[in-house]
>>> print(open('target13.cif').read())   # mmCIF, C-alpha atoms
data_input
loop_
_atom_site.label_atom_id
_atom_site.label_comp_id
_atom_site.auth_asym_id
_atom_site.auth_seq_id
_atom_site.Cartn_x
_atom_site.Cartn_y
_atom_site.Cartn_z
CA MET K 625 -12.33 24.18 2.30
CA SER K 626 -14.79 23.12 4.98
CA PRO K 627 -15.06 19.68 6.62
CA ASN K 628 -18.09 19.03 4.43
CA THR K 629 -15.98 19.09 1.27
CA LEU K 630 -14.31 15.80 2.22
CA ALA K 631 -15.30 13.52 -0.66
CA SER K 632 -18.56 11.73 0.07
CA PHE K 633 -17.22 8.40 -1.24
CA LEU K 634 -14.73 8.38 1.64
CA ARG K 635 -17.67 7.80 3.99
CA PRO K 636 -20.06 5.42 2.22
CA GLU K 637 -23.60 4.89 3.40
CA GLY K 638 -23.74 2.88 6.61
CA PHE K 639 -20.72 4.52 8.22
CA GLU K 640 -20.69 7.56 10.46
CA ALA K 641 -18.42 10.29 11.75
CA LEU K 642 -17.84 9.73 15.45
CA HIS K 643 -19.63 11.83 18.04
CA PRO K 644 -17.27 14.47 19.50
CA ALA K 645 -17.49 12.83 22.93
CA ALA K 646 -16.16 9.54 21.51
CA VAL K 647 -12.62 10.85 21.84
CA LEU K 648 -12.98 10.49 25.62
CA ARG K 649 -12.52 6.77 25.11
CA GLU K 650 -8.97 7.52 24.03
CA ALA K 651 -8.10 8.41 27.63
CA SER K 652 -7.50 4.70 28.20
CA VAL K 653 -4.21 5.12 26.34
CA VAL K 654 -2.73 6.19 29.70
CA ALA K 655 -3.49 2.78 31.18
CA GLU K 656 -2.30 1.07 28.00
CA LEU K 657 1.02 2.88 28.18
CA GLY K 658 1.22 1.90 31.83
CA ARG K 659 0.76 -1.78 31.00
CA TYR K 660 3.46 -1.55 28.35
CA ALA K 661 5.84 0.20 30.76
CA ALA K 662 5.18 -2.47 33.38
CA ARG K 663 6.02 -5.18 30.87
CA ARG K 664 9.22 -3.39 29.93
CA GLY K 665 10.13 -3.21 33.58
CA ARG K 666 9.59 -6.94 34.03
CA GLN K 667 11.74 -7.63 31.00
CA GLY K 668 14.54 -5.60 32.53
CA LEU K 669 15.18 -3.60 29.36
CA GLY K 670 16.65 -0.14 29.50
CA PRO K 671 14.80 2.66 27.66
CA ARG K 672 17.39 2.76 24.90
CA CYS K 673 17.76 -0.97 24.38
CA PHE K 674 16.78 -2.10 20.90
CA ALA K 675 18.63 -5.40 20.89
CA GLY K 676 16.64 -8.60 20.53
CA ALA K 677 17.21 -12.24 19.91
CA THR K 678 19.51 -13.41 17.15
CA PRO K 679 17.66 -12.60 13.91
CA ARG K 680 15.90 -15.64 12.48
CA ARG K 681 16.12 -16.14 8.75
CA ASP K 682 13.01 -18.31 8.65
CA HIS K 683 10.77 -15.28 9.30
CA ASP K 684 9.67 -12.81 6.69
CA PRO K 685 10.99 -9.29 7.28
CA VAL K 686 8.44 -7.01 8.97
CA VAL K 687 7.85 -3.42 7.87
CA LEU K 688 6.01 -1.17 10.35
CA VAL K 689 3.93 1.76 9.06
CA PRO K 690 2.67 4.60 11.30
CA GLY K 691 -0.74 6.23 11.29
CA PHE K 692 -1.98 9.68 10.34
CA LEU K 693 -0.01 12.57 11.87
CA ALA K 694 2.54 10.06 13.19
CA GLY K 695 6.00 8.83 12.28
CA ASP K 696 8.10 5.69 12.56
CA ALA K 697 8.95 6.41 16.21
CA THR K 698 5.38 5.54 17.24
CA MET K 699 5.95 1.96 16.08
CA ALA K 700 9.12 1.52 18.19
CA PRO K 701 7.40 -0.34 21.09
CA LEU K 702 6.05 -2.93 18.70
CA ALA K 703 9.41 -3.19 16.92
CA ARG K 704 11.19 -3.89 20.23
CA GLU K 705 8.85 -6.73 21.06
CA LEU K 706 9.13 -8.32 17.63
CA ARG K 707 12.92 -8.17 17.76
CA ARG K 708 12.83 -10.03 21.05
CA ASP K 709 11.31 -12.89 19.07
CA GLY K 710 14.13 -12.76 16.53
CA MET K 711 12.18 -10.99 13.81
CA GLN K 712 13.83 -8.38 11.67
CA THR K 713 11.84 -5.17 11.64
CA PHE K 714 12.21 -2.24 9.28
CA ARG K 715 10.95 1.31 9.43
CA SER K 716 8.75 2.66 6.68
CA HIS K 717 10.84 5.87 6.45
CA ILE K 718 7.66 7.89 6.95
CA HIS K 719 8.66 10.65 9.35
CA ALA K 720 5.23 12.27 9.53
CA ASN K 721 2.21 10.74 7.82
CA VAL K 722 0.67 14.03 6.68
CA GLY K 723 1.16 13.97 2.92
CA CYS K 724 -0.67 12.72 -0.12
CA THR K 725 -1.89 9.17 0.52
CA ARG K 726 -1.11 8.06 -3.01
CA SER K 727 2.45 9.43 -2.75
CA ALA K 728 2.86 7.75 0.64
CA ALA K 729 1.81 4.43 -0.92
CA ASP K 730 4.43 4.92 -3.64
CA GLN K 731 7.03 5.65 -0.97
CA LEU K 732 6.07 2.53 0.96
CA GLU K 733 6.24 0.45 -2.20
CA ALA K 734 9.78 1.69 -2.87
CA ARG K 735 10.75 0.90 0.72
CA LEU K 736 9.37 -2.63 0.38
CA GLU K 737 11.30 -3.14 -2.84
CA SER K 738 14.48 -2.29 -0.94
CA VAL K 739 13.68 -4.57 2.01
CA VAL K 740 12.66 -7.50 -0.19
CA ALA K 741 15.79 -7.14 -2.33
CA ARG K 742 17.91 -7.12 0.84
CA ARG K 743 16.24 -10.13 2.46
CA GLY K 744 15.37 -12.14 -0.63
CA ARG K 745 11.80 -12.86 0.50
CA ARG K 746 8.47 -11.09 0.66
CA ALA K 747 7.69 -8.89 3.66
CA ARG K 748 4.90 -8.75 6.21
CA VAL K 749 3.54 -5.24 6.74
CA VAL K 750 1.97 -4.02 9.99
CA GLY K 751 0.17 -0.70 9.67
CA HIS K 752 -1.57 1.43 12.27
CA SER K 753 -4.68 3.35 11.14
CA LEU K 754 -3.75 5.16 7.90
CA GLY K 755 -0.58 3.06 7.84
CA GLY K 756 -2.73 -0.05 7.52
CA MET K 757 -4.57 1.48 4.60
CA LEU K 758 -1.24 2.14 2.90
CA ALA K 759 -0.23 -1.47 3.55
CA ARG K 760 -3.53 -2.69 2.11
CA SER K 761 -3.06 -0.58 -1.03
CA VAL K 762 0.51 -1.69 -1.71
CA ALA K 763 -0.36 -5.34 -1.05
CA ALA K 764 -3.12 -5.14 -3.66
CA ARG K 765 -0.78 -3.57 -6.20
CA ARG K 766 2.40 -5.54 -5.45
CA PRO K 767 1.72 -9.01 -4.03
CA ASP K 768 5.23 -9.94 -5.17
CA LEU K 769 6.51 -7.75 -2.33
CA VAL K 770 4.00 -8.57 0.42
CA SER K 771 3.27 -11.95 1.99
CA GLY K 772 0.84 -10.59 4.57
CA ILE K 773 -0.57 -7.49 6.22
CA ILE K 774 -1.89 -6.70 9.69
CA THR K 775 -4.00 -3.56 10.01
CA LEU K 776 -4.51 -1.94 13.42
CA GLY K 777 -7.65 0.19 13.58
CA SER K 778 -7.52 0.95 9.85
CA PRO K 779 -10.84 2.22 8.40
CA VAL K 780 -10.25 0.77 4.94
CA LEU K 781 -13.97 0.64 4.12
CA ALA K 782 -14.66 4.28 5.02
CA PRO K 783 -11.60 6.49 5.57
CA GLY K 784 -13.86 9.48 6.21
CA ALA K 785 -15.75 7.82 9.08
CA HIS K 786 -13.68 9.36 11.84
CA HIS K 787 -13.72 11.86 14.67
CA PRO K 788 -14.34 15.53 13.75
CA SER K 789 -10.89 16.44 15.09
CA LEU K 790 -9.31 14.42 12.30
CA THR K 791 -11.41 16.22 9.71
CA ALA K 792 -10.24 19.51 11.20
CA SER K 793 -6.62 18.32 11.04
CA VAL K 794 -7.02 17.41 7.39
CA GLU K 795 -8.51 20.84 6.71
CA VAL K 796 -5.49 22.54 8.31
CA LEU K 797 -3.11 20.46 6.17
CA VAL K 798 -5.02 21.37 3.01
CA ARG K 799 -4.94 25.06 3.87
CA LEU K 800 -1.21 24.93 4.55
CA SER K 801 -0.69 23.09 1.27
CA ARG K 802 -2.69 25.75 -0.54
CA ALA K 803 -0.49 28.38 1.12
CA GLY K 804 2.58 26.81 -0.46
CA LEU K 805 3.92 24.32 2.08
CA ARG K 806 5.14 21.22 0.30
CA GLY K 807 4.62 17.60 1.26
CA LEU K 808 1.18 18.04 2.81
CA MET K 809 -2.24 16.76 1.80
CA ALA K 810 -3.75 18.89 -0.93
CA GLU K 811 -7.45 19.32 -1.66
CA ASP K 812 -7.20 16.82 -4.50
CA CYS K 813 -5.95 14.27 -1.96
CA VAL K 814 -9.18 14.41 0.04
CA ALA K 815 -11.83 15.47 -2.44
CA GLY K 816 -10.56 14.95 -5.98
CA ALA K 817 -9.18 12.41 -8.42
CA CYS K 818 -6.22 11.65 -6.18
CA ALA K 819 -8.55 10.73 -3.31
CA ARG K 820 -10.66 8.59 -5.63
CA SER K 821 -7.70 6.61 -6.97
CA ALA K 822 -6.25 6.08 -3.47
CA PHE K 823 -9.62 4.88 -2.16
CA ASP K 824 -10.15 2.53 -5.11
CA LEU K 825 -6.72 0.99 -4.65
CA CYS K 826 -7.49 0.38 -0.97
CA GLN K 827 -10.59 -1.56 -2.06
CA ALA K 828 -8.83 -3.57 -4.78
CA PRO K 829 -8.81 -7.38 -4.59
CA LEU K 830 -5.91 -9.04 -2.84
CA ASP K 831 -3.93 -11.92 -4.24
CA PRO K 832 -4.90 -15.07 -2.29
CA SER K 833 -1.25 -15.56 -1.30
CA VAL K 834 -1.40 -12.37 0.83
CA ALA K 835 -2.48 -13.02 4.43
CA TYR K 836 -4.69 -10.31 5.90
CA THR K 837 -5.57 -9.75 9.56
CA ALA K 838 -7.65 -6.74 10.59
CA VAL K 839 -7.47 -5.75 14.27
CA TRP K 840 -10.28 -3.55 15.60
CA SER K 841 -11.75 -2.27 18.86
CA ARG K 842 -15.22 -1.17 19.92
CA ARG K 843 -13.47 1.32 22.21
CA ASP K 844 -11.95 3.10 19.22
CA GLY K 845 -12.53 6.82 19.78
CA VAL K 846 -11.02 7.98 16.49
CA VAL K 847 -12.59 5.93 13.67
CA ASP K 848 -15.85 4.05 13.17
CA HIS K 849 -14.75 0.54 14.12
CA ARG K 850 -17.12 -0.95 11.53
CA ALA K 851 -14.98 0.60 8.80
CA CYS K 852 -12.09 -1.63 9.93
CA LEU K 853 -14.00 -4.84 9.15
CA ASP K 854 -12.85 -5.48 5.61
CA PRO K 855 -14.69 -8.66 4.50
CA ARG K 856 -11.49 -9.85 2.82
CA ALA K 857 -9.68 -10.00 6.18
CA HIS K 858 -9.55 -12.25 9.20
CA HIS K 859 -11.00 -10.03 11.96
CA VAL K 860 -9.68 -9.94 15.52
CA GLU K 861 -11.31 -7.75 18.17
CA VAL K 862 -9.24 -6.25 20.98
CA THR K 863 -10.08 -3.96 23.89
CA CYS K 864 -8.12 -0.73 23.72
CA SER K 865 -8.12 2.79 22.35
CA HIS K 866 -7.22 3.68 18.78
CA VAL K 867 -3.96 5.41 19.71
CA GLY K 868 -3.09 2.68 22.20
CA MET K 869 -3.06 -0.10 19.65
CA VAL K 870 0.68 0.35 19.14
CA VAL K 871 1.49 -0.02 22.86
CA GLU K 872 -1.23 -2.20 24.37
CA PRO K 873 0.38 -5.57 25.32
CA GLU K 874 -2.74 -7.46 24.21
CA VAL K 875 -2.36 -6.09 20.68
CA ILE K 876 1.41 -6.53 20.63
CA ASP K 877 1.05 -10.18 21.62
CA LEU K 878 -1.61 -10.67 18.95
CA VAL K 879 0.70 -9.24 16.29
CA ARG K 880 3.56 -11.44 17.51
CA ARG K 881 1.41 -14.59 17.38
CA THR K 882 0.11 -13.72 13.94
CA LEU K 883 3.57 -13.10 12.51
CA VAL K 884 5.07 -16.36 13.79
CA GLN K 885 2.29 -18.40 12.20
CA PRO K 886 2.66 -19.69 8.64
CA VAL K 887 1.16 -17.34 6.08
CA ARG K 888 -2.55 -18.04 5.78
CA LEU K 889 -4.42 -17.36 2.57
CA SER K 890 -7.12 -14.72 2.38
CA VAL K 891 -10.48 -15.29 4.02
CA VAL K 892 -12.18 -14.72 0.68
CA GLU K 893 -10.37 -17.70 -0.81
CA VAL K 894 -11.11 -19.85 2.24
CA ASP K 895 -14.80 -19.09 1.91
CA ARG K 896 -14.71 -20.08 -1.73
CA GLY K 897 -13.38 -23.49 -0.83
CA GLU K 898 -10.19 -23.04 -2.80
CA ILE K 899 -8.00 -24.31 0.02
CA ALA K 900 -7.73 -28.07 0.49
#
>>> encode(input="target13.cif", output="structure tokens")
Amino acid sequence: MSPNTLASFLRPEGFEALHPAAVLREASVVAELGRYAARRGRQGLGPRCFAGATPRRDHDPVVLVPGFLAGDATMAPLARELRRDGMQTFRSHIHANVGCTRSAADQLEARLESVVARRGRRARVVGHSLGGMLARSVAARRPDLVSGIITLGSPVLAPGAHHPSLTASVEVLVRLSRAGLRGLMAEDCVAGACARSAFDLCQAPLDPSVAYTAVWSRRDGVVDHRACLDPRAHHVEVTCSHVGMVVEPEVIDLVRRTLVQPVRLSVVEVDRGEIA
């Protein structure tokens, strides 16, 4: 498999792979981590402190989903901040987001079923990059489980419009899968029927009861930021790197504000005048 065998429909016309030099923008993650560390210092929290305010039952549970090549631990900074506001956060149970996207969506759906059964109310899902695409897919398929989603740098319109290093990473996973390693992306996941079905589900209509906020950045050095602008979503621009979206205080505060607001119906329905 070569990078060119990535299915063409994953990068529709109008979207582009990033220039190799674009990744230099990701260097700002150092400053973003510094701002997060400074905030932690001001809050006086120890590095192992996960305690927050008394959990509030008037908030929907929040499930956090990591991006490609990442696991639940990358969402810990965001989880800490949300717990300080009394929200109950839950891990996705994705230890490394390197497998079949369709299988990962099934896994997330099962996790949401468990959380919703435990809490007795629909969940909000916050997903970073590929994690946001998984959230978008499950929300389209199971609106009975999801009251709202927030995507952070998620290229839902063109998953293949990314930096060449990601394409190379996908190629390595496919080769390892072909060699017999289980649980990794296979060629069908990026160029076959599996990829097609996963992409179609990520484009499926959302129930109007599902709130949808898409966070994006022009400084994104990993994905084409235009691919994050799903017309069904409420768009919010931030200034940070792709990787830094899970630690940048500006983004964390945006997520906190969005989650404490009442669930807002989809932008598509607002535009149609279906809300009084």
>>> resolve_selection(input="target13.cif", expression="the PyMOL selection byres ((chain K and resi 763) around 9)", output="list in words")
Glu733, Val749, Leu758, Ala759, Arg760, Ser761, Val762, Ala764, Arg765, Arg766, Pro767, Asp768, Leu769, Val770, Ser771, Gly772, Ile773, Leu830, Asp831 and Val834 of chain K
>>> resolve_selection(input="target13.cif", expression="the PyMOL selection byres ((chain K and resi 654-671) around 12)", output="PyMOL selection string")
chain K and resi 648-653+672-676+700-702+704-705+708+863-877
>>> write_last_selection(input="target13.cif", atoms="C-alpha atoms", output="mmCIF file, in the frame of the given file")
data_model
loop_
_atom_site.group_PDB
_atom_site.id
_atom_site.type_symbol
_atom_site.label_atom_id
_atom_site.label_comp_id
_atom_site.auth_asym_id
_atom_site.auth_seq_id
_atom_site.Cartn_x
_atom_site.Cartn_y
_atom_site.Cartn_z
ATOM 1 C CA LEU K 648 -12.980 10.490 25.620
ATOM 2 C CA ARG K 649 -12.520 6.770 25.110
ATOM 3 C CA GLU K 650 -8.970 7.520 24.030
ATOM 4 C CA ALA K 651 -8.100 8.410 27.630
ATOM 5 C CA SER K 652 -7.500 4.700 28.200
ATOM 6 C CA VAL K 653 -4.210 5.120 26.340
ATOM 7 C CA ARG K 672 17.390 2.760 24.900
ATOM 8 C CA CYS K 673 17.760 -0.970 24.380
ATOM 9 C CA PHE K 674 16.780 -2.100 20.900
ATOM 10 C CA ALA K 675 18.630 -5.400 20.890
ATOM 11 C CA GLY K 676 16.640 -8.600 20.530
ATOM 12 C CA ALA K 700 9.120 1.520 18.190
ATOM 13 C CA PRO K 701 7.400 -0.340 21.090
ATOM 14 C CA LEU K 702 6.050 -2.930 18.700
ATOM 15 C CA ARG K 704 11.190 -3.890 20.230
ATOM 16 C CA GLU K 705 8.850 -6.730 21.060
ATOM 17 C CA ARG K 708 12.830 -10.030 21.050
ATOM 18 C CA THR K 863 -10.080 -3.960 23.890
ATOM 19 C CA CYS K 864 -8.120 -0.730 23.720
ATOM 20 C CA SER K 865 -8.120 2.790 22.350
ATOM 21 C CA HIS K 866 -7.220 3.680 18.780
ATOM 22 C CA VAL K 867 -3.960 5.410 19.710
ATOM 23 C CA GLY K 868 -3.090 2.680 22.200
ATOM 24 C CA MET K 869 -3.060 -0.100 19.650
ATOM 25 C CA VAL K 870 0.680 0.350 19.140
ATOM 26 C CA VAL K 871 1.490 -0.020 22.860
ATOM 27 C CA GLU K 872 -1.230 -2.200 24.370
ATOM 28 C CA PRO K 873 0.380 -5.570 25.320
ATOM 29 C CA GLU K 874 -2.740 -7.460 24.210
ATOM 30 C CA VAL K 875 -2.360 -6.090 20.680
ATOM 31 C CA ILE K 876 1.410 -6.530 20.630
ATOM 32 C CA ASP K 877 1.050 -10.180 21.620
#
>>> closest_atom_pairs(input="target13.cif", of="region 762-840 of chain K", to="region 850-853 of chain K", cutoff="7 Å", atoms="all atoms listed in the file", output="CSV")
residue,atom,partner,partner_atom,distance
K:Gly777,CA,K:Cys852,CA,6.0
K:Ser778,CA,K:Cys852,CA,5.2
K:Pro779,CA,K:Cys852,CA,4.3
K:Val780,CA,K:Cys852,CA,5.8
K:Leu781,CA,K:Ala851,CA,4.8
K:Ala782,CA,K:Ala851,CA,5.3
K:Ala838,CA,K:Leu853,CA,6.8
K:Trp840,CA,K:Cys852,CA,6.3
>>> resolve_selection(input="target13.cif", expression="the PyMOL selection byres ((chain K and resi 846) around 10)", output="PDB file with C-alpha atoms, keeping the file's coordinate frame")
ATOM      1  CA  ALA K 641     -18.420  10.290  11.750  1.00  0.00           C
ATOM      2  CA  LEU K 642     -17.840   9.730  15.450  1.00  0.00           C
ATOM      3  CA  HIS K 643     -19.630  11.830  18.040  1.00  0.00           C
ATOM      4  CA  PRO K 644     -17.270  14.470  19.500  1.00  0.00           C
ATOM      5  CA  ALA K 646     -16.160   9.540  21.510  1.00  0.00           C
ATOM      6  CA  VAL K 647     -12.620  10.850  21.840  1.00  0.00           C
ATOM      7  CA  LEU K 648     -12.980  10.490  25.620  1.00  0.00           C
ATOM      8  CA  ARG K 649     -12.520   6.770  25.110  1.00  0.00           C
ATOM      9  CA  GLU K 650      -8.970   7.520  24.030  1.00  0.00           C
ATOM     10  CA  SER K 753      -4.680   3.350  11.140  1.00  0.00           C
ATOM     11  CA  GLY K 777      -7.650   0.190  13.580  1.00  0.00           C
ATOM     12  CA  PRO K 779     -10.840   2.220   8.400  1.00  0.00           C
ATOM     13  CA  ALA K 785     -15.750   7.820   9.080  1.00  0.00           C
ATOM     14  CA  HIS K 786     -13.680   9.360  11.840  1.00  0.00           C
ATOM     15  CA  HIS K 787     -13.720  11.860  14.670  1.00  0.00           C
ATOM     16  CA  PRO K 788     -14.340  15.530  13.750  1.00  0.00           C
ATOM     17  CA  SER K 789     -10.890  16.440  15.090  1.00  0.00           C
ATOM     18  CA  LEU K 790      -9.310  14.420  12.300  1.00  0.00           C
ATOM     19  CA  ARG K 843     -13.470   1.320  22.210  1.00  0.00           C
ATOM     20  CA  ASP K 844     -11.950   3.100  19.220  1.00  0.00           C
ATOM     21  CA  GLY K 845     -12.530   6.820  19.780  1.00  0.00           C
ATOM     22  CA  VAL K 847     -12.590   5.930  13.670  1.00  0.00           C
ATOM     23  CA  ASP K 848     -15.850   4.050  13.170  1.00  0.00           C
ATOM     24  CA  HIS K 849     -14.750   0.540  14.120  1.00  0.00           C
ATOM     25  CA  SER K 865      -8.120   2.790  22.350  1.00  0.00           C
ATOM     26  CA  HIS K 866      -7.220   3.680  18.780  1.00  0.00           C
ATOM     27  CA  VAL K 867      -3.960   5.410  19.710  1.00  0.00           C
TER      28      VAL K 867
END
>>> atom_distance(input="target13.cif", atom1="CA of Met711 (chain K)", atom2="CA of Arg880 (chain K)")
9.4 Å
>>> closest_residue(input="target13.cif", among="K:His717, K:Arg743, K:Arg635, K:Arg726", to="His683 (chain K)", atoms="only C-alpha atoms")
K:Arg743
>>> atom_distance(input="target13.cif", atom1="CA of Gln712 (chain K)", atom2="CA of Val686 (chain K)")
6.2 Å
>>> atom_distance(input="target13.cif", atom1="CA of Val814 (chain K)", atom2="CA of Glu795 (chain K)")
9.3 Å
>>> closest_residue(input="target13.cif", among="K:Leu776, K:Met757, K:Val687, K:Leu630", to="Val740 (chain K)", atoms="all atoms listed in the file")
K:Val687
>>> closest_residue(input="target13.cif", among="K:Gly638, K:Val798, K:Val860, K:Phe714", to="Arg742 (chain K)", atoms="all atoms listed in the file")
K:Phe714
